[in-house]
$ cat data31.cif   # mmCIF, C-alpha atoms
data_upload
#
loop_
_atom_site.label_atom_id
_atom_site.label_comp_id
_atom_site.auth_asym_id
_atom_site.auth_seq_id
_atom_site.Cartn_x
_atom_site.Cartn_y
_atom_site.Cartn_z
CA MET A 1 121.35 117.35 144.78
CA SER A 2 124.16 119.67 145.80
CA VAL A 3 124.78 123.08 144.26
CA GLN A 4 127.81 121.59 142.51
CA GLU A 5 125.71 118.79 140.99
CA ASN A 6 122.98 121.24 139.95
CA LEU A 7 125.57 123.43 138.27
CA GLN A 8 127.03 120.49 136.36
CA LEU A 9 123.55 119.61 135.06
CA ILE A 10 122.87 123.19 133.98
CA GLN A 11 126.27 123.41 132.29
CA ALA A 12 125.55 120.16 130.43
CA ASN A 13 122.23 121.60 129.24
CA ILE A 14 123.99 124.76 128.07
CA MET A 15 126.53 122.70 126.15
CA GLU A 16 123.74 120.72 124.49
CA VAL A 17 121.78 123.82 123.46
CA CYS A 18 124.88 125.62 122.20
CA SER A 19 125.90 122.59 120.18
CA LYS A 20 122.45 122.49 118.59
CA THR A 21 122.46 126.22 117.78
CA ASN A 22 126.14 126.63 116.87
CA ARG A 23 126.78 128.97 119.79
CA ASP A 24 129.88 129.19 121.94
CA PRO A 25 128.97 128.04 125.48
CA ASN A 26 131.54 130.49 126.83
CA GLU A 27 129.17 133.27 125.74
CA ILE A 28 126.65 132.19 128.39
CA LYS A 29 127.06 133.52 131.92
CA ILE A 30 125.11 131.90 134.75
CA ILE A 31 123.83 134.27 137.41
CA ALA A 32 122.99 132.45 140.65
CA VAL A 33 119.83 134.07 142.00
CA THR A 34 120.18 133.78 145.75
CA LYS A 35 117.16 135.69 147.06
CA TYR A 36 115.58 132.56 148.57
CA VAL A 37 118.71 131.11 150.15
CA SER A 38 121.11 131.93 152.94
CA THR A 39 124.50 133.56 152.62
CA GLU A 40 126.03 130.14 153.36
CA THR A 41 124.29 128.60 150.35
CA ALA A 42 125.26 131.55 148.18
CA GLN A 43 128.86 130.93 149.16
CA LYS A 44 128.49 127.31 148.02
CA ALA A 45 127.63 128.62 144.56
CA ILE A 46 130.88 130.59 144.52
CA GLU A 47 132.80 127.53 145.73
CA ALA A 48 131.20 125.48 142.93
CA GLY A 49 132.60 127.90 140.36
CA ILE A 50 129.85 130.50 139.93
CA GLU A 51 131.16 134.04 139.52
CA HIS A 52 127.89 135.97 139.23
CA ILE A 53 125.41 136.47 142.10
CA GLY A 54 122.00 138.09 141.62
CA GLU A 55 119.76 139.63 144.28
CA ASN A 56 116.44 141.40 143.88
CA ARG A 57 116.30 143.24 147.21
CA ASP A 58 118.73 145.77 148.60
CA SER A 59 118.66 144.11 152.03
CA GLY A 60 119.57 140.70 150.62
CA LEU A 61 122.34 142.09 148.46
CA ASN A 62 123.85 144.09 151.31
CA GLN A 63 123.69 141.16 153.71
CA LYS A 64 125.46 138.79 151.34
CA TRP A 65 127.90 141.42 150.10
CA GLU A 66 129.11 142.03 153.65
CA VAL A 67 130.25 138.40 153.82
CA MET A 68 131.18 137.63 150.21
CA GLY A 69 132.23 141.04 148.90
CA GLU A 70 134.65 140.94 146.02
CA ARG A 71 134.50 137.16 145.70
CA ALA A 72 131.51 137.66 143.38
CA ILE A 73 130.31 139.83 140.51
CA TRP A 74 127.10 141.39 141.81
CA HIS A 75 123.86 141.83 139.87
CA PHE A 76 120.79 143.68 141.11
CA ILE A 77 117.97 141.98 139.22
CA GLY A 78 114.78 143.19 140.90
CA THR A 79 112.68 146.31 140.65
CA LEU A 80 114.86 149.09 142.01
CA GLN A 81 113.17 151.89 143.92
CA THR A 82 114.87 155.23 143.39
CA ARG A 83 115.35 155.73 147.13
CA LYS A 84 117.19 152.40 147.43
CA VAL A 85 119.85 153.21 144.83
CA LYS A 86 122.22 154.77 147.34
CA SER A 87 122.30 151.60 149.46
CA ILE A 88 123.54 149.35 146.64
CA ILE A 89 125.30 151.57 144.12
CA ASP A 90 128.81 151.05 145.50
CA LYS A 91 128.37 147.26 145.63
CA VAL A 92 126.77 146.26 142.32
CA ASP A 93 128.49 145.59 139.02
CA TYR A 94 125.25 145.30 137.01
CA ILE A 95 121.69 146.62 137.36
CA HIS A 96 119.15 144.65 135.32
CA SER A 97 116.06 146.78 135.85
CA LEU A 98 116.60 150.24 134.37
CA ASP A 99 113.19 151.30 133.07
CA ARG A 100 112.64 155.01 133.82
CA LEU A 101 114.50 158.31 133.64
CA SER A 102 114.09 159.06 137.35
CA LEU A 103 116.01 155.88 138.12
CA ALA A 104 118.68 156.74 135.55
CA GLU A 105 119.09 160.16 137.14
CA GLU A 106 119.55 158.67 140.59
CA ILE A 107 122.03 156.01 139.42
CA ASP A 108 124.04 158.64 137.58
CA LYS A 109 124.03 160.99 140.57
CA ARG A 110 125.00 158.38 143.15
CA ALA A 111 127.59 156.40 141.17
CA ASP A 112 131.27 157.27 141.32
CA HIS A 113 132.02 154.99 138.36
CA ILE A 114 130.23 153.71 135.28
CA ILE A 115 127.43 151.27 136.13
CA LYS A 116 126.61 148.52 133.64
CA CYS A 117 122.86 148.60 133.14
CA PHE A 118 120.27 146.48 131.37
CA VAL A 119 117.15 148.20 130.12
CA GLN A 120 114.19 146.13 131.29
CA VAL A 121 111.70 145.21 128.58
CA ASN A 122 108.16 144.00 129.27
CA ALA A 123 108.06 142.23 125.93
CA ALA A 124 104.80 140.40 126.61
CA ASN A 125 103.04 143.52 127.96
CA GLU A 126 102.11 141.81 131.21
CA GLU A 127 100.35 144.11 133.66
CA THR A 128 102.03 142.43 136.62
CA LYS A 129 105.56 143.11 135.38
CA GLN A 130 107.75 146.18 135.26
CA GLY A 131 109.64 147.33 132.21
CA LEU A 132 109.24 149.26 129.00
CA SER A 133 107.15 148.18 126.06
CA VAL A 134 109.07 147.21 122.93
CA ASP A 135 108.19 150.53 121.26
CA GLU A 136 109.48 152.56 124.21
CA VAL A 137 112.96 151.05 124.37
CA VAL A 138 114.84 152.86 121.60
CA PRO A 139 113.55 156.36 122.54
CA PHE A 140 114.44 155.63 126.17
CA VAL A 141 117.97 154.45 125.32
CA GLU A 142 118.54 157.58 123.23
CA LYS A 143 117.70 159.76 126.26
CA LEU A 144 120.34 158.02 128.37
CA LYS A 145 123.11 159.90 126.57
CA ASP A 146 122.80 162.56 129.28
CA PHE A 147 123.98 160.20 132.03
CA PRO A 148 127.75 159.59 131.83
CA ASN A 149 127.77 157.01 134.64
CA ILE A 150 125.37 154.69 132.83
CA ARG A 151 126.43 152.17 130.20
CA VAL A 152 123.65 150.21 128.54
CA VAL A 153 125.27 146.80 128.18
CA GLY A 154 122.09 145.02 127.17
CA LEU A 155 118.39 144.33 127.49
CA MET A 156 116.63 142.25 130.14
CA THR A 157 113.26 140.55 129.99
CA MET A 158 111.16 138.05 131.88
CA ALA A 159 108.96 135.81 129.80
CA PRO A 160 105.45 134.85 130.91
CA PHE A 161 105.43 131.92 133.34
CA THR A 162 104.10 129.28 130.99
CA ASP A 163 104.92 125.92 129.46
CA ASN A 164 103.85 127.21 126.05
CA GLU A 165 107.10 127.09 124.11
CA SER A 166 105.84 129.27 121.27
CA VAL A 167 104.94 132.08 123.70
CA LEU A 168 108.38 131.86 125.34
CA ARG A 169 110.18 131.77 122.02
CA GLU A 170 108.21 134.71 120.65
CA THR A 171 109.00 136.80 123.74
CA PHE A 172 112.73 136.10 123.64
CA SER A 173 113.07 136.52 119.88
CA LYS A 174 111.28 139.87 120.09
CA VAL A 175 113.89 141.12 122.55
CA LYS A 176 116.74 139.75 120.43
CA LYS A 177 115.38 141.71 117.46
CA LEU A 178 115.11 144.80 119.65
CA GLN A 179 118.72 144.35 120.77
CA LYS A 180 119.84 144.45 117.15
CA GLY A 181 117.88 147.67 116.73
CA VAL A 182 119.68 149.31 119.63
CA GLN A 183 123.06 148.08 118.37
CA ALA A 184 122.33 149.59 114.96
CA LEU A 185 122.20 153.04 116.58
CA ASN A 186 125.97 152.76 117.24
CA LEU A 187 125.71 154.69 120.49
CA PRO A 188 129.02 154.66 122.39
CA TYR A 189 127.23 154.51 125.76
CA ALA A 190 124.90 151.70 124.66
CA PRO A 191 126.77 148.82 123.00
CA CYS A 192 123.92 146.51 124.06
CA ASP A 193 125.97 143.34 123.59
CA GLU A 194 124.21 141.33 126.30
CA LEU A 195 120.77 139.76 126.67
CA SER A 196 119.68 138.90 130.21
CA MET A 197 116.82 136.46 129.79
CA GLY A 198 115.91 132.96 130.87
CA MET A 199 115.31 131.49 134.29
CA SER A 200 115.07 127.99 135.77
CA ASN A 201 112.02 127.01 133.72
CA ASP A 202 112.92 128.52 130.35
CA TYR A 203 116.66 129.17 130.11
CA LYS A 204 117.26 126.59 127.38
CA ILE A 205 114.80 128.32 125.05
CA ALA A 206 116.26 131.69 126.03
CA ILE A 207 119.74 130.54 125.02
CA GLU A 208 118.40 129.26 121.70
CA GLU A 209 117.00 132.74 121.09
CA GLY A 210 120.19 134.60 121.98
CA ALA A 211 120.51 134.99 125.77
CA THR A 212 124.01 135.71 127.06
CA MET A 213 123.09 135.85 130.76
CA ILE A 214 120.65 133.46 132.42
CA ARG A 215 119.28 134.03 135.91
CA ILE A 216 118.98 130.70 137.70
CA GLY A 217 117.64 130.37 141.23
CA THR A 218 115.74 127.28 142.37
CA SER A 219 117.28 124.74 140.01
CA LEU A 220 120.79 125.86 140.97
CA VAL A 221 120.82 126.87 144.64
CA GLY A 222 117.40 125.62 145.73
CA LYS A 223 114.90 127.44 147.95
CA GLU A 224 115.25 127.67 151.73
CA PHE A 225 112.76 130.43 152.61
#

$ encode --input "data31.cif" --output "structure tokens"
Amino acid sequence: MSVQENLQLIQANIMEVCSKTNRDPNEIKIIAVTKYVSTETAQKAIEAGIEHIGENRDSGLNQKWEVMGERAIWHFIGTLQTRKVKSIIDKVDYIHSLDRLSLAEEIDKRADHIIKCFVQVNAANEETKQGLSVDEVVPFVEKLKDFPNIRVVGLMTMAPFTDNESVLRETFSKVKKLQKGVQALNLPYAPCDELSMGMSNDYKIAIEEGATMIRIGTSLVGKEF
């Protein structure tokens, strides 16, 4: 199937889930994760109507940005090493993996404008994944008041890779509850209106549990390398 056909299928699934849960489908933004495809394929996603492109490596983001530039809204969705911040900071619109103060310091120092950041939550406490534990999130967000170039627009999580729906649902609902906790702080620099969660295998459940941004790779743009 083409990228256009894949997108139509995903959009139909979003409509179905939103109808079932009384959500507005316009609340859901699809991020095309293009780390396993060429710049040419990434451009096909834009041509199909996708606005948001996500990359998890600085090299991949820079390579595609050189060609596509302002045609897309750019998301850095992978683990971000502090030393790599300077190579992407003037190209990204969103960073999905803020999880430590040293990274916040570097983003704030390098940015010449406010960067929209997601605090990464390791809601299932998986040893193989980055991110803060649920209990660490609120204290961490409160410390970000010292960084004027950072705006905490939401929380991001990756659920365990499993077909167990109850595990997926529990993970996503935990982060939704945490989002409400951050919002209740009424911090001007941390409105926390967004939830970045859900990928090709679990985005429908993520939407049911409150996701506003879903990160779709293989089932949208495929995998070329």

$ closest_residue --input "data31.cif" --among "A:Lys143, A:Pro25, A:Val221, A:Ala45" --to "Asn13 (chain A)" --atoms "only C-alpha atoms"
A:Pro25

$ resolve_selection --input "data31.cif" --expression "the PyMOL selection byres ((chain A and resi 36) around 6)" --output "list in words"
Thr34, Lys35, Val37, Lys223, Glu224 and Phe225 of chain A

$ write_last_selection --input "data31.cif" --atoms "C-alpha atoms" --output "short mmCIF file (atom, residue, chain, number, x, y, z; two decimals), in the frame of the given file"
data_model
loop_
_atom_site.label_atom_id
_atom_site.label_comp_id
_atom_site.auth_asym_id
_atom_site.auth_seq_id
_atom_site.Cartn_x
_atom_site.Cartn_y
_atom_site.Cartn_z
CA THR A 34 120.18 133.78 145.75
CA LYS A 35 117.16 135.69 147.06
CA VAL A 37 118.71 131.11 150.15
CA LYS A 223 114.90 127.44 147.95
CA GLU A 224 115.25 127.67 151.73
CA PHE A 225 112.76 130.43 152.61
#

$ closest_residue --input "data31.cif" --among "A:Ile31, A:Ile10, A:Ile46, A:Cys117" --to "Ile95 (chain A)" --atoms "all atoms listed in the file"
A:Cys117

$ resolve_selection --input "data31.cif" --expression "the PyMOL selection byres ((chain A and resi 215) around 6)" --output "PDB file with C-alpha atoms, in the coordinates of the input"
ATOM      1  CA  ILE A  31     123.830 134.270 137.410  1.00  0.00           C
ATOM      2  CA  MET A 199     115.310 131.490 134.290  1.00  0.00           C
ATOM      3  CA  ILE A 214     120.650 133.460 132.420  1.00  0.00           C
ATOM      4  CA  ILE A 216     118.980 130.700 137.700  1.00  0.00           C
TER       5      ILE A 216
END

$ atom_distance --input "data31.cif" --atom1 "CA of Met1 (chain A)" --atom2 "CA of Ser19 (chain A)"
25.6 Å

$ residues_near_point --input "data31.cif" --point "(121.0, 146.5, 118.3)" --cutoff "12 Å" --atoms "only C-alpha atoms" --output "ChimeraX atom specification"
/A:137-138,141,152-155,174-187,190-195

$ residues_near_point --input "data31.cif" --point "(104.1, 131.4, 138.8)" --cutoff "12 Å" --atoms "only C-alpha atoms" --output "PyMOL selection string"
chain A and resi 128+158-163+200-201

$ residues_around --input "data31.cif" --residues "Arg110 (chain A)" --least-positions-apart "5" --cutoff "12 Å" --atoms "all atoms listed in the file" --output "ChimeraX atom specification"
/A:82-91,103-105,115,147-150

$ atom_distance --input "data31.cif" --atom1 "CA of Leu9 (chain A)" --atom2 "CA of Ile73 (chain A)"
22.0 Å

$ decode --input "data31.cif" --residues "region 56-70 of chain A" --atoms "C-alpha atoms" --output "tab-separated table (two decimals), in the first residue's frame"
chain	number	residue	atom	x	y	z
A	56	ASN	CA	15.10	9.89	16.67
A	57	ARG	CA	18.65	10.63	15.52
A	58	ASP	CA	20.26	13.99	14.93
A	59	SER	CA	21.83	12.78	11.67
A	60	GLY	CA	18.49	11.64	10.25
A	61	LEU	CA	16.73	14.82	11.27
A	62	ASN	CA	19.44	17.05	9.79
A	63	GLN	CA	19.54	15.09	6.55
A	64	LYS	CA	15.79	15.30	5.99
A	65	TRP	CA	15.54	18.88	7.24
A	66	GLU	CA	18.06	20.01	4.62
A	67	VAL	CA	15.66	18.84	1.90
A	68	MET	CA	12.24	19.36	3.50
A	69	GLY	CA	12.90	22.26	5.87
A	70	GLU	CA	9.87	24.35	6.68
